[in-house]
>>> print(open('work.txt').read())   # compact mmCIF, C-alpha atoms
# COMPACT_ATOMS: atom_id res chain seq x y z
CA MET D 13 -22.88 -1.38 23.05
CA LYS D 14 -19.57 -3.07 22.40
CA ASN D 15 -16.60 -1.01 21.28
CA VAL D 16 -15.40 -2.74 18.11
CA PHE D 17 -14.49 0.23 15.97
CA SER D 18 -10.75 0.03 16.61
CA ASP D 19 -10.67 -3.54 15.32
CA LYS D 20 -9.24 -3.74 11.81
CA ILE D 21 -11.73 -6.38 10.65
CA GLU D 22 -14.63 -4.27 11.84
CA LEU D 23 -13.23 -1.16 10.20
CA LYS D 24 -13.03 -3.06 6.91
CA ARG D 25 -16.61 -4.23 7.32
CA LEU D 26 -17.75 -0.69 8.01
CA ALA D 27 -16.00 0.52 4.87
CA VAL D 28 -17.88 -2.06 2.80
CA GLN D 29 -21.09 -1.06 4.57
CA ARG D 30 -20.60 2.64 3.81
CA ASN D 31 -20.05 1.94 0.12
CA LEU D 32 -23.03 -0.40 -0.12
CA LEU D 33 -25.44 1.91 1.67
CA TRP D 34 -24.34 4.97 -0.29
CA GLU D 35 -25.98 3.54 -3.41
CA TYR D 36 -29.31 3.85 -1.59
CA GLU D 37 -28.66 6.88 0.57
CA ALA D 38 -27.21 9.13 -2.13
CA PRO D 39 -30.49 9.78 -4.02
CA VAL D 40 -32.24 10.66 -0.76
CA TYR D 41 -29.56 13.10 0.37
CA GLN D 42 -29.35 14.59 -3.12
CA ARG D 43 -33.07 15.39 -3.16
CA ILE D 44 -32.74 17.07 0.23
CA ILE D 45 -29.67 19.21 -0.40
CA GLN D 46 -29.94 20.08 -4.09
CA ASP D 47 -30.08 23.81 -4.80
CA ARG D 48 -29.60 24.62 -1.09
CA LYS D 49 -26.58 26.45 0.30
CA ASN D 50 -25.03 27.30 3.65
CA MET D 51 -26.82 24.45 5.40
CA VAL D 52 -25.99 23.33 8.93
CA LEU D 53 -26.15 19.60 9.66
CA LEU D 54 -26.08 17.51 12.84
CA ASP D 55 -24.90 13.90 12.44
CA VAL D 56 -25.93 11.95 15.54
CA GLY D 57 -23.85 8.82 15.94
CA CYS D 58 -20.93 9.86 13.73
CA ASN D 59 -18.58 7.09 14.89
CA ASP D 60 -15.04 7.90 13.69
CA GLY D 61 -16.20 10.61 11.29
CA ARG D 62 -15.43 8.75 8.06
CA LYS D 63 -19.06 8.35 7.02
CA THR D 64 -19.84 11.94 7.99
CA ILE D 65 -17.09 13.22 5.71
CA GLU D 66 -18.01 10.92 2.84
CA ARG D 67 -21.68 11.91 2.96
CA PHE D 68 -21.51 15.62 3.69
CA ASP D 69 -18.18 17.01 2.48
CA ARG D 70 -19.76 19.19 -0.20
CA LYS D 71 -20.28 22.86 -0.92
CA ASN D 72 -23.91 22.84 0.26
CA PHE D 73 -22.84 22.79 3.92
CA ALA D 74 -21.48 25.69 5.92
CA LYS D 75 -21.23 23.66 9.13
CA VAL D 76 -21.40 19.96 10.02
CA VAL D 77 -21.39 18.79 13.65
CA GLY D 78 -20.87 15.12 14.48
CA LEU D 79 -21.83 13.58 17.81
CA ASP D 80 -20.87 10.23 19.29
CA CYS D 81 -21.02 8.54 22.68
CA LEU D 82 -17.48 7.11 22.49
CA THR D 83 -14.81 9.64 23.42
CA GLU D 84 -12.01 7.88 21.55
CA LEU D 85 -14.00 7.98 18.31
CA VAL D 86 -14.78 11.67 18.71
CA GLU D 87 -11.12 12.43 19.30
CA GLU D 88 -10.11 10.35 16.29
CA ALA D 89 -12.68 12.12 14.09
CA GLY D 90 -11.57 15.55 15.26
CA GLN D 91 -7.91 14.84 14.65
CA ALA D 92 -8.53 13.35 11.21
CA PHE D 93 -11.27 15.61 9.85
CA GLY D 94 -11.85 18.60 12.10
CA ASP D 95 -11.68 21.98 10.36
CA ASP D 96 -13.70 25.17 9.91
CA VAL D 97 -16.67 23.19 8.56
CA PHE D 98 -16.50 19.87 10.44
CA SER D 99 -16.41 19.54 14.21
CA PHE D 100 -16.95 16.50 16.43
CA TYR D 101 -18.16 16.30 20.02
CA TYR D 102 -18.86 13.73 22.68
CA CYS D 103 -22.58 13.48 23.39
CA ASP D 104 -24.49 10.43 24.60
CA VAL D 105 -28.10 10.84 23.51
CA ALA D 106 -29.06 7.91 25.74
CA GLN D 107 -28.47 10.23 28.73
CA GLU D 108 -31.33 12.27 30.17
CA ASN D 109 -29.47 15.58 29.75
CA PHE D 110 -28.39 15.11 26.13
CA ALA D 111 -30.45 18.09 24.95
CA GLU D 112 -28.55 20.41 27.29
CA ALA D 113 -25.28 19.05 25.93
CA ILE D 114 -26.38 19.79 22.37
CA LYS D 115 -27.46 23.30 23.34
CA ALA D 116 -24.01 23.94 24.80
CA ILE D 117 -22.36 22.71 21.58
CA MET D 118 -24.64 24.90 19.47
CA GLU D 119 -23.78 27.93 21.59
CA GLN D 120 -20.07 27.19 21.23
CA GLU D 121 -20.41 26.78 17.45
CA LYS D 122 -22.79 29.77 17.16
CA ILE D 123 -25.51 27.60 15.63
CA ALA D 124 -29.16 28.61 16.01
CA SER D 125 -30.70 25.46 14.50
CA PHE D 126 -29.99 22.62 12.09
CA ASP D 127 -31.25 22.35 8.54
CA ILE D 128 -30.68 18.59 8.60
CA ILE D 129 -30.40 16.15 11.49
CA ASN D 130 -29.06 12.77 10.40
CA CYS D 131 -29.59 9.62 12.49
CA SER D 132 -28.18 6.49 10.85
CA PHE D 133 -28.36 3.13 12.67
CA LEU D 134 -28.73 5.01 15.95
CA LEU D 135 -32.22 4.30 17.28
CA MET D 136 -31.69 0.52 17.11
CA HIS D 137 -29.17 0.83 19.96
CA LEU D 138 -31.32 2.99 22.25
CA GLU D 139 -33.68 1.91 25.00
CA GLU D 140 -35.81 5.05 24.57
CA PRO D 141 -35.65 6.04 20.89
CA GLY D 142 -38.87 8.04 21.11
CA ARG D 143 -37.47 10.26 23.85
CA VAL D 144 -34.39 10.95 21.75
CA LEU D 145 -36.42 11.76 18.64
CA GLU D 146 -38.63 14.13 20.62
CA GLY D 147 -35.58 15.80 22.13
CA LEU D 148 -33.92 16.31 18.74
CA ARG D 149 -36.99 17.92 17.15
CA GLN D 150 -36.45 21.21 18.99
CA PHE D 151 -33.13 21.69 17.20
CA LEU D 152 -34.52 21.52 13.66
CA ALA D 153 -34.85 24.76 11.72
CA PRO D 154 -38.46 25.72 10.79
CA GLU D 155 -38.04 23.98 7.43
CA GLY D 156 -35.47 21.49 8.70
CA ILE D 157 -35.45 17.80 7.80
CA LEU D 158 -34.73 14.77 9.93
CA VAL D 159 -33.28 11.70 8.18
CA VAL D 160 -33.61 8.35 9.95
CA ILE D 161 -32.00 5.13 8.66
CA GLU D 162 -32.66 1.86 10.49
CA PRO D 163 -32.74 -1.89 9.72
CA ASP D 164 -35.98 -3.83 9.50
CA ASP D 165 -35.49 -7.58 9.46
CA THR D 166 -39.25 -8.13 9.56
CA THR D 167 -39.10 -7.70 5.76
CA SER D 168 -35.73 -9.37 5.10
CA LYS D 169 -35.96 -12.44 2.86
CA MET D 170 -33.97 -14.76 0.60
CA GLN D 171 -34.90 -17.18 -2.17
CA PRO D 172 -34.23 -20.03 -2.66
CA ASP D 173 -33.85 -21.14 0.95
CA PRO D 174 -35.22 -24.71 1.09
CA GLU D 175 -33.89 -25.44 4.59
CA ASN D 176 -34.76 -21.99 6.01
CA ILE D 177 -31.10 -21.22 6.76
CA PHE D 178 -31.70 -17.51 6.23
CA GLY D 179 -34.72 -17.54 8.51
CA GLN D 180 -32.67 -19.27 11.20
CA PHE D 181 -29.95 -16.67 10.76
CA LEU D 182 -32.45 -13.86 11.33
CA ASP D 183 -33.72 -15.61 14.47
CA THR D 184 -30.14 -15.96 15.74
CA LEU D 185 -29.32 -12.34 14.89
CA ALA D 186 -32.37 -11.18 16.82
CA ARG D 187 -30.88 -12.81 19.93
CA ASP D 188 -27.58 -10.95 19.53
CA PRO D 189 -27.67 -7.93 21.90
CA TYR D 190 -24.69 -6.36 20.13
CA ALA D 191 -26.65 -6.21 16.88
CA GLY D 192 -29.28 -3.88 18.33
CA GLN D 193 -33.01 -3.98 17.66
CA ARG D 194 -33.10 -5.49 14.19
CA ASP D 195 -36.80 -4.64 13.73
CA CYS D 196 -36.27 -0.97 14.61
CA GLY D 197 -37.08 0.22 11.09
CA ASN D 198 -40.55 -1.27 11.40
CA LYS D 199 -41.22 1.00 14.39
CA VAL D 200 -39.77 4.27 13.08
CA PHE D 201 -42.94 5.63 11.46
CA GLY D 202 -44.89 5.29 14.71
CA LEU D 203 -42.05 6.76 16.76
CA LEU D 204 -41.84 9.78 14.47
CA GLN D 205 -45.59 10.34 14.67
CA GLN D 206 -45.59 10.11 18.46
CA SER D 207 -42.65 12.51 18.63
CA GLY D 208 -44.50 15.23 16.72
CA TYR D 209 -42.80 15.11 13.32
CA LYS D 210 -44.61 16.18 10.14
CA ASN D 211 -44.65 14.95 6.54
CA ILE D 212 -43.17 11.58 7.36
CA ALA D 213 -42.09 9.91 4.12
CA LEU D 214 -40.63 6.47 3.49
CA GLN D 215 -37.80 6.94 1.01
CA LEU D 216 -36.46 3.35 0.96
CA ALA D 217 -37.72 -0.01 2.19
CA GLU D 218 -34.99 -2.55 1.40
CA ILE D 219 -31.57 -3.32 -0.01
CA THR D 220 -31.66 -5.99 -2.70
CA ALA D 221 -29.38 -8.14 -4.84
CA HIS D 222 -30.53 -10.29 -7.72
CA LYS D 223 -29.22 -13.07 -9.94
CA GLY D 224 -25.81 -12.25 -11.33
CA GLU D 225 -24.98 -9.54 -8.77
CA GLY D 226 -22.20 -11.54 -7.13
CA LYS D 227 -20.12 -8.62 -5.84
CA LYS D 228 -23.14 -6.96 -4.33
CA LYS D 229 -24.15 -10.17 -2.57
CA GLU D 230 -20.66 -10.43 -1.08
CA ASP D 231 -20.97 -6.85 0.16
CA ILE D 232 -24.42 -7.58 1.61
CA PHE D 233 -23.05 -10.62 3.43
CA THR D 234 -20.11 -8.60 4.78
CA THR D 235 -22.38 -5.76 5.90
CA PHE D 236 -25.26 -7.65 7.48
CA CYS D 237 -23.90 -11.08 8.42
CA SER D 238 -20.13 -11.26 8.84
CA TYR D 239 -19.97 -9.91 12.40
CA LEU D 240 -22.21 -12.60 13.91
CA PRO D 241 -19.51 -15.25 14.69
CA GLU D 242 -17.41 -12.70 16.57
CA ASP D 243 -20.45 -11.51 18.49
CA MET D 244 -21.26 -15.07 19.52
CA LEU D 245 -17.71 -15.65 20.77
CA LEU D 246 -17.85 -12.47 22.84
CA LEU D 247 -21.21 -13.46 24.30
CA GLN D 248 -19.86 -16.85 25.26
CA GLN D 249 -17.00 -15.14 27.10
CA GLU D 250 -19.19 -12.60 28.83
CA ALA D 251 -22.16 -14.84 29.63
CA ALA D 252 -20.63 -18.26 30.16
CA GLY D 253 -23.24 -20.91 30.84
CA ASN D 254 -26.05 -19.05 29.07
CA ASP D 255 -27.93 -21.82 27.26
CA ALA D 256 -29.52 -19.46 24.72
CA TYR D 257 -26.17 -18.01 23.63
CA GLN D 258 -24.67 -21.49 23.57
CA ALA D 259 -27.40 -22.60 21.17
CA CYS D 260 -26.72 -19.56 18.97
CA GLN D 261 -23.01 -20.31 18.96
CA GLU D 262 -23.69 -23.90 17.91
CA TRP D 263 -25.94 -22.69 15.10
CA VAL D 264 -23.20 -20.39 13.83
CA GLN D 265 -20.63 -23.18 13.94
CA ASN D 266 -22.90 -25.56 12.04
CA ASN D 267 -24.54 -23.24 9.52
CA PHE D 268 -22.56 -20.06 8.91
CA ALA D 269 -20.57 -21.39 5.96
CA ASP D 270 -23.81 -22.57 4.34
CA LEU D 271 -25.37 -19.17 4.94
CA ARG D 272 -22.59 -17.44 3.05
CA ARG D 273 -22.73 -19.96 0.23
CA LEU D 274 -26.48 -19.48 -0.15
CA ILE D 275 -26.40 -15.68 0.00
CA THR D 276 -23.63 -15.39 -2.59
CA ALA D 277 -24.92 -18.13 -4.91
CA PRO D 278 -25.61 -16.96 -8.52
CA GLU D 279 -29.31 -17.88 -8.39
CA THR D 280 -30.04 -16.20 -5.05
CA GLU D 281 -32.46 -13.28 -4.71
CA ILE D 282 -32.00 -11.48 -1.40
CA ALA D 283 -33.42 -8.45 0.36
CA PHE D 284 -32.47 -6.91 3.68
CA GLY D 285 -35.03 -4.53 5.14
CA MET D 286 -33.63 -1.03 5.62
CA LYS D 287 -35.92 1.93 6.13
CA ILE D 288 -34.97 5.48 5.24
CA TYR D 289 -37.47 8.06 6.48
CA THR D 290 -37.47 11.83 6.07
CA CYS D 291 -39.70 14.22 7.98
CA GLY D 292 -40.07 17.79 9.17
CA GLY D 293 -40.17 19.00 12.71
CA LYS D 294 -42.06 22.28 12.93
CA VAL D 295 -44.02 22.97 9.77
CA ASP D 296 -46.49 21.11 7.57
CA ALA D 297 -44.40 21.39 4.41
CA TYR D 298 -40.79 21.70 3.39
>>> encode(input="work.txt", output="structure tokens")
Amino acid sequence: MKNVFSDKIELKRLAVQRNLLWEYEAPVYQRIIQDRKNMVLLDVGCNDGRKTIERFDRKNFAKVVGLDCLTELVEEAGQAFGDDVFSFYYCDVAQENFAEAIKAIMEQEKIASFDIINCSFLLMHLEEPGRVLEGLRQFLAPEGILVVIEPDDTTSKMQPDPENIFGQFLDTLARDPYAGQRDCGNKVFGLLQQSGYKNIALQLAEITAHKGEGKKKEDIFTTFCSYLPEDMLLLQQEAAGNDAYQACQEWVQNNFADLRRLITAPETEIAFGMKIYTCGGKVDAY
């Protein structure tokens, strides 16, 4: 996974993304945490901590632990937001021994289990997402809840699109290794079942913008599309001579301006697939 989080443009994009997604995430989190107190939460893939603070800095939580696989982000999060409630640790869940690392953190923080485990845009970057989900299940409290948020471009669509520019964009994005597995959300239900989770519920299927929602369409473009040209340039540098990446780069050069114009046009109706699932780990009801 590329390290882009220190780049100012990417940080701005992530800020837009956090605000856009919160409209859809907030009702789900609210249903989970309402009327509950002294909860302990694990945020796997916390990045620089900003999203963790924005989502979970509320009186319902006694302890929030953020994990990330990039040391510099963990250090930044700890310096900016670490206190008696929030703590941030390095932990790469792609490693075989990640469960032992989490156990050591829990012992240090005097945590027996987590009431909520949050995994947002994490599984799409993992080669073995099922192994990670199975490993995390042991850390849920008996009535704990896992929240999984992942993209699903198998259901993304835009109208009108007479020349299939949006479809071509999705095909190009699918070839971008930095973008992760863009159909991950379509696989989450099966992964959760195979990993032993209970009461799996789909809370959200897509993010949409309709006629007249110009600002929202701009935010959707920034969130889901704007990083592609930079990715293509990096791929050209790192894999010079790769014909597939060269073709993608040419598509971006020839069509990206039209893509933005179409997405943000007043008459456009657009949907990006994004799945939010909740489930339990150890009991049949919560």
>>> residues_around(input="work.txt", residues="D:Ile65", least_positions_apart="4", cutoff="8 Å", atoms="only C-alpha atoms", output="VMD selection string")
chain D and resid 61 69 93
>>> closest_residue(input="work.txt", among="D:Lys63, D:Arg70, D:Lys122, D:His137", to="D:Gly197", atoms="all atoms listed in the file")
D:His137
>>> residues_near_point(input="work.txt", point="(-34.6, -17.3, 0.9)", cutoff="10 Å", atoms="all atoms listed in the file", output="mmCIF file with C-alpha atoms, in the coordinates of the input")
data_model
loop_
_atom_site.group_PDB
_atom_site.id
_atom_site.type_symbol
_atom_site.label_atom_id
_atom_site.label_comp_id
_atom_site.auth_asym_id
_atom_site.auth_seq_id
_atom_site.Cartn_x
_atom_site.Cartn_y
_atom_site.Cartn_z
ATOM 1 C CA SER D 168 -35.730 -9.370 5.100
ATOM 2 C CA LYS D 169 -35.960 -12.440 2.860
ATOM 3 C CA MET D 170 -33.970 -14.760 0.600
ATOM 4 C CA GLN D 171 -34.900 -17.180 -2.170
ATOM 5 C CA PRO D 172 -34.230 -20.030 -2.660
ATOM 6 C CA ASP D 173 -33.850 -21.140 0.950
ATOM 7 C CA PRO D 174 -35.220 -24.710 1.090
ATOM 8 C CA GLU D 175 -33.890 -25.440 4.590
ATOM 9 C CA ASN D 176 -34.760 -21.990 6.010
ATOM 10 C CA ILE D 177 -31.100 -21.220 6.760
ATOM 11 C CA PHE D 178 -31.700 -17.510 6.230
ATOM 12 C CA GLY D 179 -34.720 -17.540 8.510
ATOM 13 C CA LEU D 274 -26.480 -19.480 -0.150
ATOM 14 C CA ILE D 275 -26.400 -15.680 0.000
ATOM 15 C CA THR D 280 -30.040 -16.200 -5.050
ATOM 16 C CA GLU D 281 -32.460 -13.280 -4.710
ATOM 17 C CA ILE D 282 -32.000 -11.480 -1.400
ATOM 18 C CA ALA D 283 -33.420 -8.450 0.360
#
>>> closest_residue(input="work.txt", among="D:Phe126, D:Pro241, D:Glu37, D:Leu185", to="D:Tyr289", atoms="all atoms listed in the file")
D:Glu37
>>> atom_distance(input="work.txt", atom1="atom CA of D:Ser125", atom2="atom CA of D:Asn59")
22.0 Å
>>> residues_around(input="work.txt", residues="stretch 204-220 of chain D", least_positions_apart="6", cutoff="7 Å", atoms="only C-alpha atoms", output="PyMOL selection string")
chain D and resi 40+142+145-146+282-293+295-297
>>> write_last_selection(input="work.txt", atoms="C-alpha atoms", output="PDB file, keeping the file's coordinate frame")
ATOM      1  CA  VAL D  40     -32.240  10.660  -0.760  1.00  0.00           C
ATOM      2  CA  GLY D 142     -38.870   8.040  21.110  1.00  0.00           C
ATOM      3  CA  LEU D 145     -36.420  11.760  18.640  1.00  0.00           C
ATOM      4  CA  GLU D 146     -38.630  14.130  20.620  1.00  0.00           C
ATOM      5  CA  ILE D 282     -32.000 -11.480  -1.400  1.00  0.00           C
ATOM      6  CA  ALA D 283     -33.420  -8.450   0.360  1.00  0.00           C
ATOM      7  CA  PHE D 284     -32.470  -6.910   3.680  1.00  0.00           C
ATOM      8  CA  GLY D 285     -35.030  -4.530   5.140  1.00  0.00           C
ATOM      9  CA  MET D 286     -33.630  -1.030   5.620  1.00  0.00           C
ATOM     10  CA  LYS D 287     -35.920   1.930   6.130  1.00  0.00           C
ATOM     11  CA  ILE D 288     -34.970   5.480   5.240  1.00  0.00           C
ATOM     12  CA  TYR D 289     -37.470   8.060   6.480  1.00  0.00           C
ATOM     13  CA  THR D 290     -37.470  11.830   6.070  1.00  0.00           C
ATOM     14  CA  CYS D 291     -39.700  14.220   7.980  1.00  0.00           C
ATOM     15  CA  GLY D 292     -40.070  17.790   9.170  1.00  0.00           C
ATOM     16  CA  GLY D 293     -40.170  19.000  12.710  1.00  0.00           C
ATOM     17  CA  VAL D 295     -44.020  22.970   9.770  1.00  0.00           C
ATOM     18  CA  ASP D 296     -46.490  21.110   7.570  1.00  0.00           C
ATOM     19  CA  ALA D 297     -44.400  21.390   4.410  1.00  0.00           C
TER      20      ALA D 297
END
>>> residues_around(input="work.txt", residues="D:Gln42", least_positions_apart="4", cutoff="12 Å", atoms="all atoms listed in the file", output="short mmCIF file (atom, residue, chain, number, x, y, z; two decimals) with C-alpha atoms, keeping the file's coordinate frame")
data_model
loop_
_atom_site.label_atom_id
_atom_site.label_comp_id
_atom_site.auth_asym_id
_atom_site.auth_seq_id
_atom_site.Cartn_x
_atom_site.Cartn_y
_atom_site.Cartn_z
CA TRP D 34 -24.34 4.97 -0.29
CA GLU D 35 -25.98 3.54 -3.41
CA TYR D 36 -29.31 3.85 -1.59
CA GLU D 37 -28.66 6.88 0.57
CA ALA D 38 -27.21 9.13 -2.13
CA GLN D 46 -29.94 20.08 -4.09
CA ASP D 47 -30.08 23.81 -4.80
CA ARG D 48 -29.60 24.62 -1.09
CA ARG D 67 -21.68 11.91 2.96
CA PHE D 68 -21.51 15.62 3.69
CA ARG D 70 -19.76 19.19 -0.20
CA ASN D 72 -23.91 22.84 0.26
#
>>> closest_residue(input="work.txt", among="D:Ala269, D:Cys131, D:Val52, D:Leu203", to="D:Leu79", atoms="only C-alpha atoms")
D:Cys131
>>> atom_distance(input="work.txt", atom1="atom CA of D:Gly156", atom2="atom CA of D:Ile128")
5.6 Å
>>> residues_around(input="work.txt", residues="D:Ala92", least_positions_apart="4", cutoff="9 Å", atoms="all atoms listed in the file", output="NGL selection string")
:D and (60-62 or 87-88)
>>> residues_around(input="work.txt", residues="D:Asn130", least_positions_apart="4", cutoff="10 Å", atoms="all atoms listed in the file", output="list in words")
Leu53, Leu54, Asp55, Val56, Gly57, Cys58, Thr64, Gly78, Leu134, Ile157, Leu158, Val159, Val160, Ile161 and Thr290 of chain D
>>> write_last_selection(input="work.txt", atoms="C-alpha atoms", output="CSV table (one decimal), keeping the file's coordinate frame")
chain,number,residue,atom,x,y,z
D,53,LEU,CA,-26.2,19.6,9.7
D,54,LEU,CA,-26.1,17.5,12.8
D,55,ASP,CA,-24.9,13.9,12.4
D,56,VAL,CA,-25.9,12.0,15.5
D,57,GLY,CA,-23.8,8.8,15.9
D,58,CYS,CA,-20.9,9.9,13.7
D,64,THR,CA,-19.8,11.9,8.0
D,78,GLY,CA,-20.9,15.1,14.5
D,134,LEU,CA,-28.7,5.0,16.0
D,157,ILE,CA,-35.4,17.8,7.8
D,158,LEU,CA,-34.7,14.8,9.9
D,159,VAL,CA,-33.3,11.7,8.2
D,160,VAL,CA,-33.6,8.4,10.0
D,161,ILE,CA,-32.0,5.1,8.7
D,290,THR,CA,-37.5,11.8,6.1
>>> atom_distance(input="work.txt", atom1="atom CA of D:Ile21", atom2="atom CA of D:Lys223")
27.8 Å
>>> closest_residue(input="work.txt", among="D:Gly202, D:Pro39, D:Gly192, D:Gly90", to="D:Leu138", atoms="only C-alpha atoms")
D:Gly192
>>> closest_residue(input="work.txt", among="D:Leu148, D:Leu32, D:Ile123, D:Ala74", to="D:Ala111", atoms="all atoms listed in the file")
D:Leu148
>>> closest_residue(input="work.txt", among="D:Gln29, D:Gln107, D:Gln91, D:Thr184", to="D:Asn267", atoms="all atoms listed in the file")
D:Thr184
